[in-house]
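Participant: Coordinates in structure11.pdb, PDB, C-alpha atoms, are listed below.
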```pdb
MODEL        1
ATOM      1  CA  SER A   1      16.415  -1.326   5.940
ATOM      2  CA  VAL A   2      18.037  -2.063   2.611
ATOM      3  CA  GLY A   3      21.350  -2.748   4.361
ATOM      4  CA  GLU A   4      19.723  -5.258   6.698
ATOM      5  CA  PHE A   5      18.042  -6.895   3.730
ATOM      6  CA  LYS A   6      21.395  -7.341   1.995
ATOM      7  CA  GLU A   7      22.923  -9.093   5.023
ATOM      8  CA  ASP A   8      19.846 -11.274   5.603
ATOM      9  CA  ALA A   9      19.665 -12.211   1.910
ATOM     10  CA  LEU A  10      23.358 -13.141   1.759
ATOM     11  CA  GLU A  11      22.933 -15.361   4.832
ATOM     12  CA  ALA A  12      19.888 -17.105   3.338
ATOM     13  CA  ILE A  13      21.599 -17.533  -0.049
ATOM     14  CA  SER A  14      24.676 -19.057   1.580
ATOM     15  CA  ASP A  15      22.538 -21.508   3.539
ATOM     16  CA  ILE A  16      20.617 -22.587   0.417
ATOM     17  CA  VAL A  17      23.792 -22.999  -1.657
ATOM     18  CA  ASN A  18      25.366 -25.070   1.137
ATOM     19  CA  HIS A  19      22.385 -27.418   0.839
ATOM     20  CA  LYS A  20      23.214 -27.701  -2.893
ATOM     21  CA  ARG A  21      20.053 -25.893  -3.929
ATOM     22  CA  ILE A  22      19.543 -22.900  -6.212
ATOM     23  CA  PRO A  23      18.236 -19.765  -4.475
ATOM     24  CA  LEU A  24      15.404 -17.944  -6.206
ATOM     25  CA  LEU A  25      14.874 -14.258  -5.430
ATOM     26  CA  VAL A  26      11.437 -13.279  -6.696
ATOM     27  CA  GLY A  27       9.533 -10.012  -6.721
ATOM     28  CA  GLY A  28      10.214  -7.143  -4.347
ATOM     29  CA  THR A  29      11.781  -3.731  -4.784
ATOM     30  CA  MET A  30      14.498  -3.350  -7.421
ATOM     31  CA  LEU A  31      16.519  -1.017  -5.203
ATOM     32  CA  TYR A  32      17.004  -3.918  -2.797
ATOM     33  CA  TYR A  33      18.270  -6.149  -5.606
ATOM     34  CA  LYS A  34      20.612  -3.419  -6.745
ATOM     35  CA  VAL A  35      22.117  -3.104  -3.271
ATOM     36  CA  LEU A  36      22.397  -6.893  -2.975
ATOM     37  CA  LEU A  37      24.304  -7.040  -6.275
ATOM     38  CA  LYS A  38      26.306  -3.816  -6.057
ATOM     39  CA  GLY A  39      26.541  -3.111  -2.321
ATOM     40  CA  LEU A  40      25.979   0.100  -0.400
ATOM     41  CA  ALA A  41      28.026   3.236  -0.938
ATOM     42  CA  PRO A  42      29.625   4.871   2.137
ATOM     43  CA  LEU A  43      26.932   7.517   2.534
ATOM     44  CA  PRO A  44      26.368   9.896   5.461
ATOM     45  CA  SER A  45      23.493   9.228   7.854
ATOM     46  CA  ALA A  46      20.222  11.066   7.352
ATOM     47  CA  ASN A  47      19.880  14.547   8.826
ATOM     48  CA  ILE A  48      16.284  15.084   9.972
ATOM     49  CA  GLU A  49      16.535  18.898  10.145
ATOM     50  CA  LEU A  50      18.106  19.177   6.699
ATOM     51  CA  ARG A  51      15.523  16.820   5.227
ATOM     52  CA  SER A  52      12.746  18.867   6.826
ATOM     53  CA  ASP A  53      14.188  22.025   5.235
ATOM     54  CA  LEU A  54      14.240  20.342   1.814
ATOM     55  CA  LEU A  55      10.617  19.250   2.238
ATOM     56  CA  LYS A  56       9.675  22.843   3.051
ATOM     57  CA  GLU A  57      11.598  24.008  -0.015
ATOM     58  CA  VAL A  58       9.772  21.611  -2.336
ATOM     59  CA  LYS A  59       6.434  23.017  -1.124
ATOM     60  CA  ILE A  60       7.617  26.446  -2.270
ATOM     61  CA  ILE A  61       9.406  25.685  -5.561
ATOM     62  CA  GLY A  62       7.869  22.297  -6.532
ATOM     63  CA  GLU A  63       9.299  18.869  -7.316
ATOM     64  CA  ILE A  64      10.484  19.737 -10.847
ATOM     65  CA  ALA A  65      12.498  22.727  -9.629
ATOM     66  CA  LEU A  66      14.052  20.648  -6.835
ATOM     67  CA  HIS A  67      15.053  17.992  -9.364
ATOM     68  CA  LYS A  68      16.562  20.734 -11.566
ATOM     69  CA  LYS A  69      18.576  21.857  -8.558
ATOM     70  CA  LEU A  70      19.901  18.305  -8.165
ATOM     71  CA  LYS A  71      20.772  18.213 -11.874
ATOM     72  CA  GLU A  72      22.949  21.293 -11.472
ATOM     73  CA  ILE A  73      24.798  19.662  -8.548
ATOM     74  CA  ASP A  74      24.852  16.018  -9.604
ATOM     75  CA  PRO A  75      23.686  15.444 -13.210
ATOM     76  CA  ILE A  76      24.526  11.722 -13.090
ATOM     77  CA  SER A  77      22.221  11.084 -10.132
ATOM     78  CA  ALA A  78      19.569  13.397 -11.582
ATOM     79  CA  ASP A  79      19.488  11.355 -14.799
ATOM     80  CA  ARG A  80      18.934   8.183 -12.771
ATOM     81  CA  ILE A  81      16.263   9.622 -10.461
ATOM     82  CA  HIS A  82      12.804  10.486 -11.782
ATOM     83  CA  PRO A  83      11.668  14.060 -10.925
ATOM     84  CA  ASN A  84       8.602  12.633  -9.155
ATOM     85  CA  ASP A  85      10.706  10.361  -6.931
ATOM     86  CA  LEU A  86      10.848  13.019  -4.229
ATOM     87  CA  GLN A  87      12.417  10.856  -1.533
ATOM     88  CA  ARG A  88      15.425   9.922  -3.681
ATOM     89  CA  VAL A  89      15.842  13.489  -4.979
ATOM     90  CA  ILE A  90      15.903  14.787  -1.410
ATOM     91  CA  ARG A  91      18.324  12.052  -0.320
ATOM     92  CA  ALA A  92      20.745  12.902  -3.159
ATOM     93  CA  LEU A  93      20.666  16.599  -2.211
ATOM     94  CA  GLU A  94      20.999  15.726   1.471
ATOM     95  CA  VAL A  95      24.119  13.626   0.793
ATOM     96  CA  PHE A  96      25.748  16.519  -1.058
ATOM     97  CA  LEU A  97      24.830  19.125   1.564
ATOM     98  CA  ILE A  98      26.167  16.942   4.398
ATOM     99  CA  SER A  99      29.336  15.584   2.785
ATOM    100  CA  GLY A 100      30.160  18.136   0.085
ATOM    101  CA  LYS A 101      30.410  15.214  -2.353
ATOM    102  CA  THR A 102      27.849  14.092  -4.897
ATOM    103  CA  LEU A 103      25.904  10.876  -4.479
ATOM    104  CA  SER A 104      27.245   9.542  -7.793
ATOM    105  CA  ALA A 105      30.854  10.164  -6.673
ATOM    106  CA  LEU A 106      30.333   8.368  -3.368
ATOM    107  CA  ILE A 107      28.646   5.394  -5.049
ATOM    108  CA  LYS A 108      31.765   4.839  -7.165
ATOM    109  CA  LYS A 109      33.789   4.209  -3.986
ATOM    110  CA  SER A 110      32.006   0.947  -3.185
ATOM    111  CA  THR A 111      34.368  -2.083  -3.286
ATOM    112  CA  TYR A 112      31.670  -4.704  -2.680
ATOM    113  CA  ASN A 113      31.533  -7.813  -4.905
ATOM    114  CA  PHE A 114      28.528 -10.119  -5.014
ATOM    115  CA  PRO A 115      30.010 -13.616  -4.537
ATOM    116  CA  TYR A 116      27.681 -15.591  -6.848
ATOM    117  CA  LYS A 117      26.899 -16.002 -10.514
ATOM    118  CA  VAL A 118      23.518 -14.592 -11.411
ATOM    119  CA  ILE A 119      20.872 -15.192 -14.051
ATOM    120  CA  GLN A 120      18.340 -12.370 -14.041
ATOM    121  CA  PHE A 121      14.849 -12.412 -15.531
ATOM    122  CA  SER A 122      12.276  -9.659 -15.860
ATOM    123  CA  LEU A 123       8.653 -10.333 -16.766
ATOM    124  CA  ILE A 124       7.430  -7.438 -18.921
ATOM    125  CA  PRO A 125       3.722  -7.412 -19.890
ATOM    126  CA  ARG A 126       2.955  -6.859 -23.547
ATOM    127  CA  ASN A 127      -0.634  -5.897 -22.787
ATOM    128  CA  MET A 128      -0.567  -2.671 -20.769
ATOM    129  CA  PHE A 129      -4.363  -2.664 -20.512
ATOM    130  CA  LEU A 130      -4.181  -6.030 -18.734
ATOM    131  CA  LEU A 131      -1.500  -4.645 -16.401
ATOM    132  CA  TYR A 132      -3.705  -1.664 -15.524
ATOM    133  CA  GLU A 133      -6.648  -3.980 -14.877
ATOM    134  CA  ASN A 134      -4.491  -6.030 -12.513
ATOM    135  CA  ILE A 135      -3.349  -2.873 -10.693
ATOM    136  CA  GLU A 136      -6.949  -1.792 -10.111
ATOM    137  CA  ARG A 137      -7.984  -5.316  -9.062
ATOM    138  CA  ARG A 138      -5.089  -5.453  -6.597
ATOM    139  CA  PHE A 139      -6.041  -2.145  -4.970
ATOM    140  CA  ARG A 140      -9.701  -3.174  -4.712
ATOM    141  CA  LYS A 141      -8.567  -6.339  -2.955
ATOM    142  CA  MET A 142      -6.427  -4.268  -0.540
ATOM    143  CA  LEU A 143      -9.531  -2.251   0.337
ATOM    144  CA  ASP A 144     -11.614  -5.413   0.797
ATOM    145  CA  LEU A 145      -8.968  -6.790   3.164
ATOM    146  CA  GLY A 146      -9.110  -3.733   5.429
ATOM    147  CA  PHE A 147      -6.587  -1.252   4.036
ATOM    148  CA  GLN A 148      -8.661   1.717   5.222
ATOM    149  CA  LYS A 149      -8.708   0.387   8.796
ATOM    150  CA  GLU A 150      -4.935  -0.144   8.671
ATOM    151  CA  VAL A 151      -4.340   3.485   7.684
ATOM    152  CA  GLU A 152      -6.906   4.711  10.213
ATOM    153  CA  ASP A 153      -4.887   3.024  12.968
ATOM    154  CA  LEU A 154      -1.773   4.827  11.712
ATOM    155  CA  PHE A 155      -3.721   8.080  11.360
ATOM    156  CA  ASN A 156      -4.525   7.974  15.057
ATOM    157  CA  ARG A 157      -0.847   7.848  16.038
ATOM    158  CA  LYS A 158       0.247  11.343  17.026
ATOM    159  CA  LYS A 159       3.852  10.859  15.869
ATOM    160  CA  LEU A 160       2.913  10.211  12.213
ATOM    161  CA  ASN A 161       1.943  12.728   9.537
ATOM    162  CA  ILE A 162       1.630  12.933   5.754
ATOM    163  CA  ASN A 163       5.401  13.582   5.405
ATOM    164  CA  SER A 164       6.442  10.526   7.438
ATOM    165  CA  CYS A 165       8.348   7.993   5.321
ATOM    166  CA  SER A 166       5.889   5.245   6.275
ATOM    167  CA  ILE A 167       2.907   7.351   5.160
ATOM    168  CA  ASN A 168       4.272   9.178   2.111
ATOM    169  CA  ARG A 169       3.748   6.103  -0.068
ATOM    170  CA  ILE A 170       1.335   5.140  -2.822
ATOM    171  CA  GLY A 171      -2.037   4.259  -1.374
ATOM    172  CA  TYR A 172      -1.111   5.330   2.143
ATOM    173  CA  SER A 173      -0.748   9.030   1.313
ATOM    174  CA  GLN A 174      -3.989   9.058  -0.715
ATOM    175  CA  MET A 175      -5.897   7.259   2.046
ATOM    176  CA  TRP A 176      -4.389   9.661   4.610
ATOM    177  CA  LYS A 177      -5.665  12.618   2.588
ATOM    178  CA  PHE A 178      -9.110  11.002   2.444
ATOM    179  CA  LEU A 179      -9.129  10.534   6.217
ATOM    180  CA  SER A 180      -7.991  14.167   6.601
ATOM    181  CA  GLY A 181     -10.899  15.350   4.471
ATOM    182  CA  HIS A 182      -8.733  16.568   1.579
ATOM    183  CA  LEU A 183      -9.921  13.912  -0.884
ATOM    184  CA  SER A 184     -13.244  12.197  -1.503
ATOM    185  CA  TYR A 185     -13.285   8.411  -1.417
ATOM    186  CA  ARG A 186     -13.526   8.285  -5.204
ATOM    187  CA  GLU A 187     -10.600  10.711  -5.582
ATOM    188  CA  MET A 188      -8.537   8.632  -3.147
ATOM    189  CA  PHE A 189      -9.260   5.488  -5.159
ATOM    190  CA  GLU A 190      -8.540   7.032  -8.566
ATOM    191  CA  GLN A 191      -5.360   8.811  -7.430
ATOM    192  CA  SER A 192      -4.022   5.603  -5.839
ATOM    193  CA  ILE A 193      -4.601   3.692  -9.083
ATOM    194  CA  THR A 194      -3.006   6.451 -11.200
ATOM    195  CA  ALA A 195       0.042   6.684  -8.928
ATOM    196  CA  THR A 196       0.513   2.901  -9.079
ATOM    197  CA  ARG A 197       0.324   2.968 -12.875
ATOM    198  CA  HIS A 198       2.989   5.684 -12.992
ATOM    199  CA  LEU A 199       5.162   3.634 -10.644
ATOM    200  CA  ALA A 200       4.794   0.576 -12.889
ATOM    201  CA  LYS A 201       5.905   2.642 -15.896
ATOM    202  CA  ARG A 202       8.963   3.926 -14.011
ATOM    203  CA  GLN A 203       9.842   0.406 -12.897
ATOM    204  CA  MET A 204       9.725  -0.865 -16.483
ATOM    205  CA  THR A 205      11.869   2.044 -17.638
ATOM    206  CA  TRP A 206      14.400   1.222 -14.900
ATOM    207  CA  LEU A 207      14.355  -2.468 -15.808
ATOM    208  CA  LYS A 208      15.097  -1.685 -19.442
ATOM    209  CA  ARG A 209      18.331   0.019 -18.308
ATOM    210  CA  TRP A 210      19.300  -2.940 -16.117
ATOM    211  CA  ASN A 211      22.459  -4.799 -17.121
ATOM    212  CA  ASN A 212      22.689  -8.549 -17.800
ATOM    213  CA  ILE A 213      18.980  -9.291 -17.669
ATOM    214  CA  HIS A 214      16.721 -11.507 -19.773
ATOM    215  CA  TYR A 215      13.410  -9.860 -20.647
ATOM    216  CA  ILE A 216      10.435 -12.185 -20.887
ATOM    217  CA  TYR A 217       7.727 -10.424 -22.889
ATOM    218  CA  ASN A 218       4.745 -12.681 -22.346
ATOM    219  CA  ASP A 219       1.402 -12.453 -20.623
ATOM    220  CA  ASP A 220       1.002 -16.262 -20.740
ATOM    221  CA  ILE A 221       2.562 -17.731 -17.592
ATOM    222  CA  ASN A 222       3.259 -21.145 -19.178
ATOM    223  CA  LEU A 223       5.115 -19.604 -22.116
ATOM    224  CA  SER A 224       7.078 -17.400 -19.708
ATOM    225  CA  VAL A 225       8.127 -20.389 -17.591
ATOM    226  CA  ASN A 226       9.233 -22.313 -20.690
ATOM    227  CA  GLN A 227      11.309 -19.359 -21.888
ATOM    228  CA  ILE A 228      12.982 -19.050 -18.483
ATOM    229  CA  LEU A 229      13.771 -22.770 -18.305
ATOM    230  CA  LYS A 230      15.219 -22.694 -21.822
ATOM    231  CA  ILE A 231      17.562 -19.834 -20.870
ATOM    232  CA  PHE A 232      18.479 -21.401 -17.530
ATOM    233  CA  LYS A 233      19.563 -24.677 -19.133
ATOM    234  CA  LYS A 234      22.301 -22.799 -20.990
ATOM    235  CA  PHE A 235      23.974 -21.714 -17.766
ATOM    236  CA  LYS A 236      25.603 -23.211 -14.726
ATOM    237  CA  SER A 237      24.851 -20.864 -11.851
ATOM    238  CA  ASN A 238      24.534 -20.686  -8.082
ATOM    239  CA  ILE A 239      21.623 -18.281  -8.095
ATOM    240  CA  ILE A 240      18.772 -16.887 -10.123
ATOM    241  CA  ILE A 241      17.205 -13.501  -9.641
TER     242      ILE A 241
ENDMDL
END
```
Mind converting the file's structure to structure tokens?
Facilitator:
Amino acid sequence: SVGEFKEDALEAISDIVNHKRIPLLVGGTMLYYKVLLKGLAPLPSANIELRSDLLKEVKIIGEIALHKKLKEIDPISADRIHPNDLQRVIRALEVFLISGKTLSALIKKSTYNFPYKVIQFSLIPRNMFLLYENIERRFRKMLDLGFQKEVEDLFNRKKLNINSCSINRIGYSQMWKFLSGHLSYREMFEQSITATRHLAKRQMTWLKRWNNIHYIYNDDINLSVNQILKIFKKFKSNIII
């Protein structure tokens, strides 16, 4: 979980700093970095029945209407959460329905302080066509390495379905629909690529709103490294992200 990640990361960072080294946190999901830097808000535990009701509701009214509902309740959270990010929209509504308080209000209550100085870098590709090529190449490689067999093994587990958190993810959900007979192999492939491209766009939008970050706009790895080193030499820091 993201909370477990935060504790494990802090332990690893402390160990590296104690050895007089500089920790490098590279790649991964930005939500995890955000929690590491800002901490977790005191949120209520998930309610499976309530979440199931919200999933049923979205099938009736659609994702856009559910996001509009969140905007009426919690406009701050709605502005931060993309309408297509169904899991986060449902979680924000779930928090309000359980606690009677908005997600944005509860987040403000966090008193956590990250105990290190940070230099943050984000590699942003200038050439979107190259990025899209890399996304397609990556998914082809996943298929070559046995991604279909991996999902088939999950498909055969009776406790999992298309709405399970572990399945309702890019690539997994499309492959699941292919195995269920709802998509052709070509449709599964194309929809997985398209969904990944949309995710990449949302990630870049999120990164552009990120505070205290150095954007490295280069598709040449050597130039990017030189830019990062030049920035790093200006600072004295315990950690880089």
Participant: Take CA of Leu143 (chain A) and CA of Arg157 (chain A) and report the distance between them in Å, one decimal.
Facilitator: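 Separation of CA of Leu143 (chain A) and CA of Arg157 (chain A): 20.6 Å.
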Participant: Mind checking which residues fall within 12 Å of region 179-184 of chain A, counting all atoms listed in the file, ignoring those fewer than 2 positions away in the same chain, and posting them as a PDB file with C-alpha atoms, in the coordinates of the input?
Facilitator:
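Written output follows (selection_21.pdb):
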```
ATOM      1  CA  GLN A 148      -8.661   1.717   5.222  1.00  0.00           C
ATOM      2  CA  LYS A 149      -8.708   0.387   8.796  1.00  0.00           C
ATOM      3  CA  GLU A 150      -4.935  -0.144   8.671  1.00  0.00           C
ATOM      4  CA  VAL A 151      -4.340   3.485   7.684  1.00  0.00           C
ATOM      5  CA  GLU A 152      -6.906   4.711  10.213  1.00  0.00           C
ATOM      6  CA  ASP A 153      -4.887   3.024  12.968  1.00  0.00           C
ATOM      7  CA  LEU A 154      -1.773   4.827  11.712  1.00  0.00           C
ATOM      8  CA  PHE A 155      -3.721   8.080  11.360  1.00  0.00           C
ATOM      9  CA  ASN A 156      -4.525   7.974  15.057  1.00  0.00           C
ATOM     10  CA  ASN A 161       1.943  12.728   9.537  1.00  0.00           C
ATOM     11  CA  ILE A 162       1.630  12.933   5.754  1.00  0.00           C
ATOM     12  CA  TYR A 172      -1.111   5.330   2.143  1.00  0.00           C
ATOM     13  CA  SER A 173      -0.748   9.030   1.313  1.00  0.00           C
ATOM     14  CA  GLN A 174      -3.989   9.058  -0.715  1.00  0.00           C
ATOM     15  CA  MET A 175      -5.897   7.259   2.046  1.00  0.00           C
ATOM     16  CA  TRP A 176      -4.389   9.661   4.610  1.00  0.00           C
ATOM     17  CA  LYS A 177      -5.665  12.618   2.588  1.00  0.00           C
ATOM     18  CA  ARG A 186     -13.526   8.285  -5.204  1.00  0.00           C
ATOM     19  CA  GLU A 187     -10.600  10.711  -5.582  1.00  0.00           C
ATOM     20  CA  MET A 188      -8.537   8.632  -3.147  1.00  0.00           C
ATOM     21  CA  PHE A 189      -9.260   5.488  -5.159  1.00  0.00           C
ATOM     22  CA  GLU A 190      -8.540   7.032  -8.566  1.00  0.00           C
ATOM     23  CA  GLN A 191      -5.360   8.811  -7.430  1.00  0.00           C
ATOM     24  CA  SER A 192      -4.022   5.603  -5.839  1.00  0.00           C
TER      25      SER A 192
END
```
Participant: Around the point (20.0, 6.4, 5.0), in the coordinates given by the file, pick out the residues reaching within 10 Å, counting all atoms listed in the file, and return them as a short mmCIF file (atom, residue, chain, number, x, y, z; two decimals) with C-alpha atoms, keeping the file's coordinate frame.
Facilitator:
```cif
data_model
loop_
_atom_site.label_atom_id
_atom_site.label_comp_id
_atom_site.auth_asym_id
_atom_site.auth_seq_id
_atom_site.Cartn_x
_atom_site.Cartn_y
_atom_site.Cartn_z
CA SER A 1 16.42 -1.33 5.94
CA VAL A 2 18.04 -2.06 2.61
CA GLY A 3 21.35 -2.75 4.36
CA LEU A 43 26.93 7.52 2.53
CA PRO A 44 26.37 9.90 5.46
CA SER A 45 23.49 9.23 7.85
CA ALA A 46 20.22 11.07 7.35
CA ASN A 47 19.88 14.55 8.83
CA ARG A 91 18.32 12.05 -0.32
CA VAL A 95 24.12 13.63 0.79
#
```
Participant: List the residues selected by the PyMOL selection byres ((chain A and resi 201) around 12) in the file shown, writing them as a list in words.
Facilitator: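 When the PyMOL selection byres ((chain A and resi 201) around 12) is applied to the shown file, the picked residues are His82, Ile124, Pro125, Met128, Leu131, Tyr132, Ile135, Thr194, Ala195, Thr196, Arg197, His198, Leu199, Ala200, Arg202, Gln203, Met204, Thr205, Trp206, Leu207 and Lys208 of chain A.
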Participant: What is the CA of Asp144 (chain A)-CA of Asp219 (chain A) distance in Å, reported with one decimal?
Facilitator: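 So the two atoms, CA of Asp144 (chain A) and CA of Asp219 (chain A), lie 26.0 Å apart.
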Participant: Around all of region 151-163 of chain A's listed atoms, make the axis-aligned box with 3 Å on each side and tell me centre and edge lengths in Å to one decimal, as lines of an AutoDock Vina configuration file.
Facilitator:
```
center_x = -0.8
center_y = 8.3
center_z = 11.2
size_x = 18.3
size_y = 16.6
size_z = 17.6
```
Participant: Could you tell me which of A:Ile73, A:Leu40, A:Ser166, A:Lys141 comes closest to Glu4 (chain A) if we count all atoms listed in the file?
Facilitator: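 That would be A:Leu40, the residue with the smallest distance to Glu4 (chain A).
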Participant: Using CA of Asp74 (chain A) and CA of Lys6 (chain A) as the two end points, give the distance in Å to one decimal.
Facilitator: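 These two atoms are separated by 26.3 Å.
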Participant: Could you list the residues chosen by the PyMOL selection byres ((chain A and resi 34) around 12) in this structure as JSON, numbers by chain?
Facilitator: {"A": [2, 3, 5, 6, 28, 29, 30, 31, 32, 33, 35, 36, 37, 38, 39, 40, 41, 112, 113, 114, 120, 206, 207, 210, 211, 241]}
Participant: Between A:Val225, A:Leu123, A:Ile170, A:Tyr185, which is the closest to Ile213 (chain A) once you count all atoms listed in the file?
Facilitator: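 The answer is A:Leu123, which sits nearest to Ile213 (chain A).
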Participant: Show me as a PDB file with C-alpha atoms, in the frame of the given file the residues that reach within 9 Å of (13.3, 18.2, -12.1), counting all atoms listed in the file and using the file's own coordinates.
Facilitator:
```pdb
ATOM      1  CA  GLY A  62       7.869  22.297  -6.532  1.00  0.00           C
ATOM      2  CA  GLU A  63       9.299  18.869  -7.316  1.00  0.00           C
ATOM      3  CA  ILE A  64      10.484  19.737 -10.847  1.00  0.00           C
ATOM      4  CA  ALA A  65      12.498  22.727  -9.629  1.00  0.00           C
ATOM      5  CA  LEU A  66      14.052  20.648  -6.835  1.00  0.00           C
ATOM      6  CA  HIS A  67      15.053  17.992  -9.364  1.00  0.00           C
ATOM      7  CA  LYS A  68      16.562  20.734 -11.566  1.00  0.00           C
ATOM      8  CA  LYS A  69      18.576  21.857  -8.558  1.00  0.00           C
ATOM      9  CA  LEU A  70      19.901  18.305  -8.165  1.00  0.00           C
ATOM     10  CA  LYS A  71      20.772  18.213 -11.874  1.00  0.00           C
ATOM     11  CA  ALA A  78      19.569  13.397 -11.582  1.00  0.00           C
ATOM     12  CA  HIS A  82      12.804  10.486 -11.782  1.00  0.00           C
ATOM     13  CA  PRO A  83      11.668  14.060 -10.925  1.00  0.00           C
ATOM     14  CA  ASN A  84       8.602  12.633  -9.155  1.00  0.00           C
ATOM     15  CA  VAL A  89      15.842  13.489  -4.979  1.00  0.00           C
TER      16      VAL A  89
END
```
Participant: Counting only C-alpha atoms, figure out which residue out of A:Val58, A:Leu10, A:Ile48, A:Ile22 gets nearest to Glu94 (chain A).
Facilitator: A:Ile48
Participant: Using all atoms listed in the file, which residue out of A:Leu130, A:Tyr116, A:Ile221, A:Phe147 lies closest to Ser14 (chain A)?
Facilitator: A:Tyr116
Participant: Could you check which of A:Ile61, A:Leu54, A:Ile13, A:Leu223 is closest to Pro115 (chain A), using only C-alpha atoms?
Facilitator: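 Nearest to Pro115 (chain A): A:Ile13.
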Participant: Pull out every residue that the PyMOL selection byres ((chain A and resi 214) around 9) matches in the shown coordinates and put them as a PyMOL selection string.
Facilitator: chain A and resi 119-123+212-213+215-216+228+231
